[in-house]
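Structure file input.csv (CSV, C-alpha atoms) is printed below.
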```csv
chain,number,residue,atom,x,y,z
A,1,MET,CA,34.7,169.0,-36.3
A,2,ALA,CA,33.3,165.6,-35.3
A,3,PRO,CA,35.5,163.2,-33.3
A,4,GLN,CA,37.3,160.2,-34.8
A,5,ILE,CA,35.4,157.1,-33.7
A,6,LEU,CA,36.9,153.6,-33.3
A,7,TRP,CA,34.5,150.7,-32.9
A,8,ILE,CA,35.5,147.4,-31.4
A,9,GLY,CA,33.2,144.4,-31.6
A,10,LEU,CA,30.9,143.5,-34.4
A,11,GLY,CA,28.6,140.8,-33.0
A,12,ASN,CA,24.9,140.8,-33.6
A,13,MET,CA,24.5,144.0,-31.5
A,14,GLY,CA,27.6,145.9,-32.7
A,15,ARG,CA,26.8,145.5,-36.4
A,16,GLY,CA,23.4,147.2,-36.1
A,17,MET,CA,24.8,149.9,-33.9
A,18,VAL,CA,27.6,150.8,-36.3
A,19,LYS,CA,25.1,150.8,-39.2
A,20,ASN,CA,23.1,153.5,-37.5
A,21,LEU,CA,26.1,155.4,-36.3
A,22,VAL,CA,27.4,155.6,-39.9
A,23,GLU,CA,24.1,156.5,-41.4
A,24,LYS,CA,22.8,159.0,-38.8
A,25,GLY,CA,25.8,160.0,-36.7
A,26,ASN,CA,26.7,163.2,-38.6
A,27,LEU,CA,30.3,162.2,-38.8
A,28,ASP,CA,32.9,163.7,-41.0
A,29,LYS,CA,35.5,160.9,-40.7
A,30,PRO,CA,35.2,157.2,-41.4
A,31,VAL,CA,34.4,155.0,-38.4
A,32,ILE,CA,37.4,152.8,-37.8
A,33,LEU,CA,36.2,149.2,-37.4
A,34,TYR,CA,38.0,146.4,-35.6
A,35,ASN,CA,36.7,142.9,-35.0
A,36,ARG,CA,38.6,139.8,-33.9
A,37,THR,CA,37.5,138.2,-37.2
A,38,ARG,CA,38.4,140.7,-39.9
A,39,LYS,CA,36.0,139.1,-42.4
A,40,ARG,CA,33.0,140.3,-40.3
A,41,ALA,CA,34.3,143.8,-40.3
A,42,GLU,CA,34.8,143.7,-44.1
A,43,GLU,CA,31.4,142.3,-44.7
A,44,LEU,CA,29.8,145.1,-42.7
A,45,ALA,CA,31.9,147.8,-44.4
A,46,ALA,CA,30.8,146.5,-47.8
A,47,LYS,CA,27.1,147.0,-46.9
A,48,LEU,CA,27.7,150.6,-45.8
A,49,PRO,CA,28.3,153.7,-47.9
A,50,LYS,CA,31.7,153.7,-49.5
A,51,GLY,CA,34.3,155.7,-47.6
A,52,LYS,CA,32.3,155.8,-44.3
A,53,THR,CA,34.3,153.0,-42.6
A,54,GLU,CA,37.9,151.9,-42.3
A,55,VAL,CA,38.7,148.3,-41.4
A,56,VAL,CA,41.9,147.8,-39.4
A,57,ASP,CA,43.9,144.8,-38.1
A,58,SER,CA,45.3,146.4,-35.0
A,59,VAL,CA,43.5,148.2,-32.2
A,60,GLU,CA,46.8,149.2,-30.8
A,61,GLU,CA,47.5,151.3,-33.9
A,62,ALA,CA,43.9,152.4,-34.4
A,63,VAL,CA,43.5,153.9,-30.9
A,64,LYS,CA,46.3,156.3,-31.6
A,65,LYS,CA,44.0,158.1,-34.2
A,66,ALA,CA,40.8,157.8,-32.2
A,67,ASP,CA,39.1,160.3,-29.9
A,68,ILE,CA,36.1,158.1,-28.9
A,69,ILE,CA,36.4,154.3,-28.6
A,70,PHE,CA,33.3,152.1,-28.4
A,71,ASN,CA,33.7,148.5,-27.2
A,72,ILE,CA,31.1,145.8,-27.2
A,73,VAL,CA,32.3,142.3,-26.8
A,74,SER,CA,31.0,139.1,-25.3
A,75,ASN,CA,32.4,138.8,-21.7
A,76,ASP,CA,34.6,140.0,-19.0
A,77,ALA,CA,37.7,138.2,-20.2
A,78,ALA,CA,37.3,139.7,-23.7
A,79,VAL,CA,36.9,143.2,-22.3
A,80,LYS,CA,40.0,142.9,-20.2
A,81,GLY,CA,41.9,141.6,-23.2
A,82,VAL,CA,40.8,144.5,-25.3
A,83,PHE,CA,41.8,147.1,-22.7
A,84,ASP,CA,45.2,145.4,-22.1
A,85,THR,CA,45.9,146.1,-25.7
A,86,LEU,CA,44.3,149.6,-25.9
A,87,LEU,CA,46.2,150.9,-22.9
A,88,LYS,CA,49.6,150.0,-24.1
A,89,GLY,CA,50.0,153.5,-25.6
A,90,ASP,CA,49.1,157.0,-24.7
A,91,VAL,CA,45.3,157.4,-24.2
A,92,SER,CA,45.2,160.7,-22.4
A,93,GLY,CA,42.2,162.7,-23.4
A,94,LYS,CA,40.5,159.8,-25.1
A,95,LEU,CA,36.9,158.7,-24.2
A,96,PHE,CA,36.2,155.0,-23.8
A,97,ILE,CA,32.6,153.9,-24.0
A,98,GLU,CA,32.1,150.3,-22.7
A,99,CYS,CA,28.8,148.8,-23.9
A,100,SER,CA,29.5,145.1,-23.0
A,101,THR,CA,27.5,143.3,-20.3
A,102,ILE,CA,30.0,142.5,-17.7
A,103,ALA,CA,30.3,142.4,-13.9
A,104,PRO,CA,30.1,145.8,-12.1
A,105,ASP,CA,33.5,145.0,-10.5
A,106,THR,CA,35.1,144.4,-13.9
A,107,THR,CA,33.8,147.7,-15.1
A,108,GLU,CA,35.2,149.5,-12.2
A,109,GLU,CA,38.5,147.8,-12.6
A,110,VAL,CA,38.8,148.7,-16.3
A,111,ALA,CA,37.6,152.3,-15.6
A,112,LYS,CA,40.4,152.8,-13.1
A,113,LEU,CA,43.0,151.5,-15.6
A,114,VAL,CA,41.8,154.0,-18.1
A,115,THR,CA,41.6,157.0,-15.8
A,116,ASP,CA,45.0,156.2,-14.3
A,117,LYS,CA,46.4,156.6,-17.8
A,118,GLY,CA,44.6,159.9,-18.4
A,119,GLY,CA,41.6,158.7,-20.3
A,120,GLN,CA,37.9,159.1,-19.6
A,121,PHE,CA,35.6,156.1,-19.1
A,122,VAL,CA,31.8,155.8,-19.5
A,123,ALA,CA,30.0,152.5,-19.0
A,124,SER,CA,27.0,152.3,-21.2
A,125,PRO,CA,25.4,148.9,-21.5
A,126,ILE,CA,22.3,148.7,-23.7
A,127,PHE,CA,18.9,147.2,-23.5
A,128,GLY,CA,17.3,145.8,-26.7
A,129,ALA,CA,17.6,142.8,-29.1
A,130,PRO,CA,19.6,142.8,-32.3
A,131,ALA,CA,16.5,143.9,-34.2
A,132,ALA,CA,16.4,147.0,-32.0
A,133,ALA,CA,20.1,147.7,-32.6
A,134,GLU,CA,19.4,147.5,-36.4
A,135,ALA,CA,16.4,149.9,-36.0
A,136,GLY,CA,18.3,152.3,-33.8
A,137,GLN,CA,15.8,151.7,-30.9
A,138,LEU,CA,18.2,150.7,-28.1
A,139,VAL,CA,18.0,152.0,-24.5
A,140,PHE,CA,21.4,153.2,-23.3
A,141,VAL,CA,22.4,153.2,-19.6
A,142,PRO,CA,25.4,155.5,-19.3
A,143,ALA,CA,27.3,155.9,-16.0
A,144,GLY,CA,30.3,157.9,-15.2
A,145,PRO,CA,31.5,161.5,-15.5
A,146,LYS,CA,28.7,163.8,-16.9
A,147,SER,CA,31.2,165.4,-19.3
A,148,GLY,CA,31.9,162.0,-20.8
A,149,ILE,CA,28.2,161.1,-21.1
A,150,GLU,CA,27.6,164.5,-22.8
A,151,LYS,CA,30.0,163.4,-25.5
A,152,LEU,CA,28.1,160.1,-26.0
A,153,ARG,CA,24.7,161.7,-26.2
A,154,PRO,CA,24.8,162.9,-29.8
A,155,TYR,CA,25.0,159.2,-30.8
A,156,ILE,CA,22.1,158.0,-28.7
A,157,LYS,CA,18.7,159.4,-29.4
A,158,GLY,CA,17.8,159.4,-33.1
A,159,VAL,CA,21.0,157.6,-34.0
A,160,MET,CA,21.7,154.3,-32.2
A,161,GLY,CA,19.0,154.6,-29.5
A,162,LYS,CA,15.5,155.8,-28.5
A,163,ALA,CA,16.2,156.7,-24.9
A,164,GLU,CA,18.7,156.6,-22.0
A,165,ILE,CA,18.6,155.9,-18.3
A,166,PRO,CA,21.6,158.0,-17.1
A,167,PHE,CA,23.7,157.8,-14.0
A,168,GLU,CA,25.6,161.1,-14.3
A,169,ASP,CA,28.7,161.4,-12.1
A,170,LYS,CA,27.8,158.0,-10.5
A,171,PRO,CA,30.1,155.0,-10.2
A,172,VAL,CA,30.4,153.3,-13.6
A,173,GLY,CA,29.4,150.0,-12.1
A,174,THR,CA,25.9,151.4,-11.3
A,175,SER,CA,24.8,151.0,-14.9
A,176,LEU,CA,25.9,147.4,-15.0
A,177,LYS,CA,23.9,146.6,-11.9
A,178,LEU,CA,20.8,147.9,-13.6
A,179,LYS,CA,21.7,146.0,-16.8
A,180,LEU,CA,22.1,142.7,-14.9
A,181,LEU,CA,18.8,143.2,-13.1
A,182,GLY,CA,17.1,144.0,-16.3
A,183,ASN,CA,18.5,140.9,-18.0
A,184,SER,CA,17.3,138.8,-15.0
A,185,PHE,CA,13.8,140.1,-15.8
A,186,ILE,CA,14.2,138.9,-19.4
A,187,LEU,CA,15.5,135.5,-18.4
A,188,ASN,CA,12.7,135.0,-15.9
A,189,MET,CA,10.1,136.0,-18.6
A,190,VAL,CA,11.5,133.6,-21.1
A,191,THR,CA,11.4,130.8,-18.5
A,192,VAL,CA,7.7,131.6,-17.7
A,193,LEU,CA,6.9,131.5,-21.4
A,194,GLY,CA,8.9,128.3,-22.1
A,195,GLU,CA,7.3,126.4,-19.3
A,196,GLY,CA,3.8,127.8,-20.1
A,197,TYR,CA,3.9,126.8,-23.7
A,198,THR,CA,5.1,123.4,-22.8
A,199,VAL,CA,2.2,122.8,-20.3
A,200,ALA,CA,-0.2,124.3,-22.8
A,201,GLU,CA,0.8,121.8,-25.4
A,202,LYS,CA,0.7,118.8,-23.1
A,203,SER,CA,-2.5,119.7,-21.4
A,204,GLY,CA,-4.5,120.2,-24.5
A,205,VAL,CA,-4.9,124.0,-24.2
A,206,GLY,CA,-2.6,124.5,-27.2
A,207,THR,CA,0.2,127.0,-27.8
A,208,ASP,CA,-2.0,129.1,-30.1
A,209,ALA,CA,-4.5,129.9,-27.4
A,210,LEU,CA,-1.9,130.7,-24.9
A,211,LYS,CA,-0.1,132.9,-27.5
A,212,GLN,CA,-3.4,134.9,-27.9
A,213,PHE,CA,-3.5,135.4,-24.2
A,214,VAL,CA,0.1,136.6,-24.1
A,215,ASP,CA,-0.5,139.0,-27.0
A,216,LEU,CA,-3.7,140.4,-25.6
A,217,LEU,CA,-2.4,140.9,-22.0
A,218,PHE,CA,1.3,141.5,-22.4
A,219,GLY,CA,2.4,142.0,-26.0
A,220,GLY,CA,5.7,143.6,-26.7
A,221,VAL,CA,8.8,141.5,-25.9
A,222,TYR,CA,6.6,138.8,-24.5
A,223,SER,CA,5.1,138.3,-28.0
A,224,VAL,CA,8.5,138.6,-29.6
A,225,TYR,CA,9.9,135.7,-27.6
A,226,SER,CA,6.7,133.7,-28.0
A,227,GLU,CA,7.1,133.9,-31.8
A,228,ARG,CA,10.7,132.7,-31.5
A,229,MET,CA,9.4,129.7,-29.5
A,230,ILE,CA,6.2,128.7,-31.4
A,231,ASN,CA,7.7,129.2,-34.9
A,232,GLY,CA,10.7,127.1,-34.0
A,233,THR,CA,13.1,129.9,-34.5
A,234,TYR,CA,14.9,129.0,-31.3
A,235,TRP,CA,16.2,125.8,-32.8
A,236,LYS,CA,16.4,126.8,-36.5
A,237,MET,CA,18.5,130.0,-36.3
A,238,GLU,CA,22.1,129.9,-37.4
A,239,GLU,CA,23.3,132.6,-35.1
A,240,PRO,CA,21.6,133.1,-31.7
A,241,LEU,CA,20.2,136.5,-30.8
A,242,PHE,CA,21.2,136.0,-27.2
A,243,SER,CA,23.4,132.9,-26.7
A,244,ALA,CA,23.0,130.5,-23.8
A,245,ASN,CA,26.6,131.1,-22.7
A,246,ASN,CA,26.1,134.9,-22.6
A,247,ALA,CA,22.8,134.5,-20.8
A,248,ARG,CA,24.4,132.2,-18.2
A,249,LYS,CA,27.2,134.7,-17.7
A,250,ASP,CA,24.7,137.5,-17.1
A,251,ALA,CA,22.7,135.3,-14.7
A,252,GLY,CA,25.8,134.5,-12.7
A,253,HIS,CA,26.8,138.2,-12.4
A,254,ALA,CA,23.2,139.1,-11.4
A,255,GLN,CA,23.2,136.4,-8.7
A,256,ASN,CA,26.6,137.6,-7.4
A,257,LEU,CA,25.2,141.1,-7.3
A,258,ALA,CA,22.2,139.9,-5.2
A,259,LYS,CA,24.4,137.9,-2.8
A,260,SER,CA,26.7,140.9,-2.3
A,261,VAL,CA,23.8,142.9,-0.8
A,262,GLY,CA,22.4,140.0,1.2
A,263,ALA,CA,19.6,139.2,-1.2
A,264,GLU,CA,18.6,136.4,-3.6
A,265,LEU,CA,17.4,136.0,-7.1
A,266,LYS,CA,15.8,132.6,-6.7
A,267,LEU,CA,13.8,132.6,-9.9
A,268,LEU,CA,17.1,133.1,-11.9
A,269,GLU,CA,18.4,129.7,-10.6
A,270,VAL,CA,15.6,128.0,-12.5
A,271,ALA,CA,16.4,129.9,-15.7
A,272,ASP,CA,20.1,129.1,-15.4
A,273,GLU,CA,19.4,125.4,-15.0
A,274,TYR,CA,17.4,125.5,-18.3
A,275,LEU,CA,20.1,127.5,-20.0
A,276,LYS,CA,22.6,124.8,-18.9
A,277,ASN,CA,20.5,122.3,-20.7
A,278,VAL,CA,20.2,124.5,-23.8
A,279,ALA,CA,24.0,124.7,-23.9
A,280,GLU,CA,24.4,121.0,-23.6
A,281,HIS,CA,21.9,120.3,-26.4
A,282,ALA,CA,22.6,123.1,-28.9
A,283,GLY,CA,26.0,124.4,-27.8
A,284,GLY,CA,26.7,127.3,-25.5
A,285,ASP,CA,27.6,129.7,-28.2
A,286,LYS,CA,24.9,128.5,-30.7
A,287,GLY,CA,21.9,127.8,-28.5
A,288,ASP,CA,19.6,130.8,-28.1
A,289,VAL,CA,18.0,131.9,-24.8
A,290,ALA,CA,14.6,131.1,-26.3
A,291,GLY,CA,15.8,127.5,-26.3
A,292,ILE,CA,14.7,127.5,-22.7
A,293,TYR,CA,11.4,126.4,-24.3
A,294,GLY,CA,13.2,123.4,-25.8
A,295,ALA,CA,14.8,122.6,-22.5
A,296,ALA,CA,11.4,122.8,-20.8
A,297,ARG,CA,9.9,120.5,-23.4
A,298,LYS,CA,12.7,118.0,-22.8
A,299,SER,CA,12.1,118.0,-19.1
A,300,ALA,CA,8.4,117.3,-19.8
A,301,GLY,CA,9.2,114.3,-22.0
A,302,LEU,CA,8.9,116.1,-25.4
A,303,LYS,CA,11.7,116.5,-27.9
A,304,TYR,CA,13.7,119.7,-27.7
A,305,GLU,CA,12.7,120.9,-31.2
A,306,ASN,CA,9.0,121.6,-31.7
A,307,ASP,CA,7.2,120.7,-35.0
A,308,ALA,CA,7.0,124.2,-36.4
```
Show me the file's structure as structure tokens.
Amino acid sequence: MAPQILWIGLGNMGRGMVKNLVEKGNLDKPVILYNRTRKRAEELAAKLPKGKTEVVDSVEEAVKKADIIFNIVSNDAAVKGVFDTLLKGDVSGKLFIECSTIAPDTTEEVAKLVTDKGGQFVASPIFGAPAAAEAGQLVFVPAGPKSGIEKLRPYIKGVMGKAEIPFEDKPVGTSLKLKLLGNSFILNMVTVLGEGYTVAEKSGVGTDALKQFVDLLFGGVYSVYSERMINGTYWKMEEPLFSANNARKDAGHAQNLAKSVGAELKLLEVADEYLKNVAEHAGGDKGDVAGIYGAARKSAGLKYENDA
């Protein structure tokens, strides 16, 4: 008999993950859905097969019925708030899978609260954009007790993800350290692209020629972000794929991680300064990380929005 799953958090990552979990997870019970804004949970449930989900208003009540609880919310404060509620009751024997991108120390703190109450905790941040979540092509980074990770595995490859980078029986904060370092690579890449396309436009090289270079030599996520910049998606989108606020949160955590071991992530300081400008121009929760291109344009005397 499949376990009862409770899913908390239906942002642009959570929605795609739940879709694949429902469609491919070989479940025999409806996935219980909770989102701070109930309407978002109802809208997702309406798009999925009838009877495969159950929308609830209270996580405190829902957790009583759940065996496995997934949580993916925006920041450390939100995670702590969720667990303050979840842990009010008896959680012994339940598995909590934390997919949010938060500080390693926060992860360790929450994990201790769970295990002190008899629950099991696995930290499993994910790599991939919302499109990858929708396509079931995420990379999971689970850390914690091997027995807990084994319970997660049936829902990774072929369901919500394409691969995993496991840290079995390692401290749960280890996976968050990798996640933050990985996100620092992404932010640095976006900064290089944003500055490069700005210089290409102003110098007469042109963004199209530079885009051909990027596609031919790098491709992949470089090309994806390039499209978001050149096509003007970074300023036209209604909902950011990776908000400036969340990106700055990740950059801060990554910089703190580096400082804690006597190292630096100097390039990330440049990215963070651009992200600050994105937040000021478009709003921290509305501006997308690809808006670094717009911020680079502004610093070079161009307008934030391109003419796409």
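Taking only C-alpha atoms, the non-local environment of Ile230 of chain A within 12 Å (same-chain residues fewer than 6 positions away omitted) comprises A:Leu193, A:Gly194, A:Gly196, A:Tyr197, A:Thr198, A:Ala200, A:Glu201, A:Gly206, A:Thr207, A:Asp208, A:Ala209, A:Leu210, A:Lys211, A:Gln212, A:Ser223, A:Val224, A:Lys236, A:Ala290, A:Gly291, A:Tyr293, A:Gly294, A:Glu305, A:Asn306, A:Asp307, A:Ala308.
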A straight line from atom CA of Lys88 of chain A to atom CA of Leu176 of chain A spans 25.5 Å
Shortest contact to Ala251 of chain A, candidates A:Ser100, A:Gln137, A:Ser184, A:Ser147, atoms counted only C-alpha atoms, goes to A:Ser184
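Residues surrounding segment 34-42 of chain A within 7 Å are A:Trp7, A:Ile8, A:Gly9, A:Leu10, A:Val55, A:Val56, A:Asp57, A:Val59 [only C-alpha atoms; sequence separation below 5 positions excluded].
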Got a sec to check which residues sit within 8 Å of (25.7, 153.0, -22.7), counting only C-alpha atoms, and write them as a ChimeraX atom specification? /A:97-99,122-126,139-143,164
Mind pulling up the distance from atom CA of Asn183 of chain A to atom CA of Arg297 of chain A?
->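 Value for the atom CA of Arg297 of chain A-atom CA of Asn183 of chain A distance: 22.8 Å.
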The residue from A:Gly51, A:Gly158, A:Pro171, A:Pro30 with the smallest atom-to-atom distance to Thr107 of chain A, counting only C-alpha atoms, is A:Pro171
Could you make a table, as a Markdown table, of the residues of segment 75-139 of chain A that have an atom within 9 Å of an atom of segment 238-244 of chain A, each with its nearest atom pair and distance in Å to one decimal, counting all atoms listed in the file, in chain and number order?
```
| residue | atom | partner | partner_atom | distance |
| --- | --- | --- | --- | --- |
| A:Ala129 | CA | A:Leu241 | CA | 7.0 |
| A:Pro130 | CA | A:Leu241 | CA | 6.5 |
| A:Ala131 | CA | A:Leu241 | CA | 8.9 |
```
For segment 211-228 of chain A, where the input has fewer atoms than it should, I would like N, CA, C and O atoms rebuilt and written as a PDB file, in the coordinates of the input.
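Listing of result-v5.pdb after writing:
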```pdb
ATOM      1  N   LYS A 211      -0.752 131.786 -26.765  1.00  0.00           N
ATOM      2  CA  LYS A 211      -0.100 132.900 -27.500  1.00  0.00           C
ATOM      3  C   LYS A 211      -1.107 134.074 -27.591  1.00  0.00           C
ATOM      4  O   LYS A 211      -0.732 135.246 -27.451  1.00  0.00           O
ATOM      5  N   GLN A 212      -2.380 133.790 -27.857  1.00  0.00           N
ATOM      6  CA  GLN A 212      -3.400 134.900 -27.900  1.00  0.00           C
ATOM      7  C   GLN A 212      -3.485 135.585 -26.583  1.00  0.00           C
ATOM      8  O   GLN A 212      -3.570 136.815 -26.537  1.00  0.00           O
ATOM      9  N   PHE A 213      -3.479 134.813 -25.502  1.00  0.00           N
ATOM     10  CA  PHE A 213      -3.500 135.400 -24.200  1.00  0.00           C
ATOM     11  C   PHE A 213      -2.312 136.321 -23.947  1.00  0.00           C
ATOM     12  O   PHE A 213      -2.446 137.457 -23.473  1.00  0.00           O
ATOM     13  N   VAL A 214      -1.122 135.820 -24.283  1.00  0.00           N
ATOM     14  CA  VAL A 214       0.100 136.600 -24.100  1.00  0.00           C
ATOM     15  C   VAL A 214       0.042 137.888 -24.917  1.00  0.00           C
ATOM     16  O   VAL A 214       0.371 138.976 -24.425  1.00  0.00           O
ATOM     17  N   ASP A 215      -0.400 137.784 -26.169  1.00  0.00           N
ATOM     18  CA  ASP A 215      -0.500 139.000 -27.000  1.00  0.00           C
ATOM     19  C   ASP A 215      -1.456 139.994 -26.497  1.00  0.00           C
ATOM     20  O   ASP A 215      -1.176 141.206 -26.507  1.00  0.00           O
ATOM     21  N   LEU A 216      -2.600 139.536 -26.014  1.00  0.00           N
ATOM     22  CA  LEU A 216      -3.700 140.400 -25.600  1.00  0.00           C
ATOM     23  C   LEU A 216      -3.326 141.110 -24.241  1.00  0.00           C
ATOM     24  O   LEU A 216      -3.642 142.294 -24.035  1.00  0.00           O
ATOM     25  N   LEU A 217      -2.699 140.362 -23.330  1.00  0.00           N
ATOM     26  CA  LEU A 217      -2.400 140.900 -22.000  1.00  0.00           C
ATOM     27  C   LEU A 217      -1.066 141.543 -21.838  1.00  0.00           C
ATOM     28  O   LEU A 217      -0.892 142.471 -21.049  1.00  0.00           O
ATOM     29  N   PHE A 218      -0.074 141.052 -22.571  1.00  0.00           N
ATOM     30  CA  PHE A 218       1.300 141.500 -22.400  1.00  0.00           C
ATOM     31  C   PHE A 218       1.876 142.162 -23.631  1.00  0.00           C
ATOM     32  O   PHE A 218       2.355 143.284 -23.591  1.00  0.00           O
ATOM     33  N   GLY A 219       1.860 141.441 -24.738  1.00  0.00           N
ATOM     34  CA  GLY A 219       2.400 142.000 -26.000  1.00  0.00           C
ATOM     35  C   GLY A 219       3.878 142.268 -25.905  1.00  0.00           C
ATOM     36  O   GLY A 219       4.606 141.701 -25.087  1.00  0.00           O
ATOM     37  N   GLY A 220       4.353 143.172 -26.750  1.00  0.00           N
ATOM     38  CA  GLY A 220       5.700 143.600 -26.700  1.00  0.00           C
ATOM     39  C   GLY A 220       6.735 142.468 -26.758  1.00  0.00           C
ATOM     40  O   GLY A 220       6.637 141.548 -27.577  1.00  0.00           O
ATOM     41  N   VAL A 221       7.716 142.529 -25.854  1.00  0.00           N
ATOM     42  CA  VAL A 221       8.800 141.500 -25.900  1.00  0.00           C
ATOM     43  C   VAL A 221       8.273 140.150 -25.514  1.00  0.00           C
ATOM     44  O   VAL A 221       8.835 139.140 -25.967  1.00  0.00           O
ATOM     45  N   TYR A 222       7.173 140.054 -24.766  1.00  0.00           N
ATOM     46  CA  TYR A 222       6.600 138.800 -24.500  1.00  0.00           C
ATOM     47  C   TYR A 222       6.137 138.087 -25.793  1.00  0.00           C
ATOM     48  O   TYR A 222       6.356 136.887 -26.007  1.00  0.00           O
ATOM     49  N   SER A 223       5.520 138.878 -26.671  1.00  0.00           N
ATOM     50  CA  SER A 223       5.100 138.300 -28.000  1.00  0.00           C
ATOM     51  C   SER A 223       6.233 138.001 -28.867  1.00  0.00           C
ATOM     52  O   SER A 223       6.196 137.012 -29.596  1.00  0.00           O
ATOM     53  N   VAL A 224       7.274 138.823 -28.814  1.00  0.00           N
ATOM     54  CA  VAL A 224       8.500 138.600 -29.600  1.00  0.00           C
ATOM     55  C   VAL A 224       9.088 137.228 -29.283  1.00  0.00           C
ATOM     56  O   VAL A 224       9.392 136.403 -30.157  1.00  0.00           O
ATOM     57  N   TYR A 225       9.289 136.994 -27.998  1.00  0.00           N
ATOM     58  CA  TYR A 225       9.900 135.700 -27.600  1.00  0.00           C
ATOM     59  C   TYR A 225       8.933 134.558 -27.837  1.00  0.00           C
ATOM     60  O   TYR A 225       9.380 133.449 -28.164  1.00  0.00           O
ATOM     61  N   SER A 226       7.650 134.797 -27.701  1.00  0.00           N
ATOM     62  CA  SER A 226       6.700 133.700 -28.000  1.00  0.00           C
ATOM     63  C   SER A 226       6.771 133.300 -29.445  1.00  0.00           C
ATOM     64  O   SER A 226       6.705 132.101 -29.753  1.00  0.00           O
ATOM     65  N   GLU A 227       6.931 134.253 -30.356  1.00  0.00           N
ATOM     66  CA  GLU A 227       7.100 133.900 -31.800  1.00  0.00           C
ATOM     67  C   GLU A 227       8.317 133.061 -32.004  1.00  0.00           C
ATOM     68  O   GLU A 227       8.281 132.090 -32.766  1.00  0.00           O
ATOM     69  N   ARG A 228       9.416 133.431 -31.347  1.00  0.00           N
ATOM     70  CA  ARG A 228      10.700 132.700 -31.500  1.00  0.00           C
ATOM     71  C   ARG A 228      10.496 131.230 -31.035  1.00  0.00           C
ATOM     72  O   ARG A 228      11.132 130.303 -31.549  1.00  0.00           O
TER      73      ARG A 228
END
```
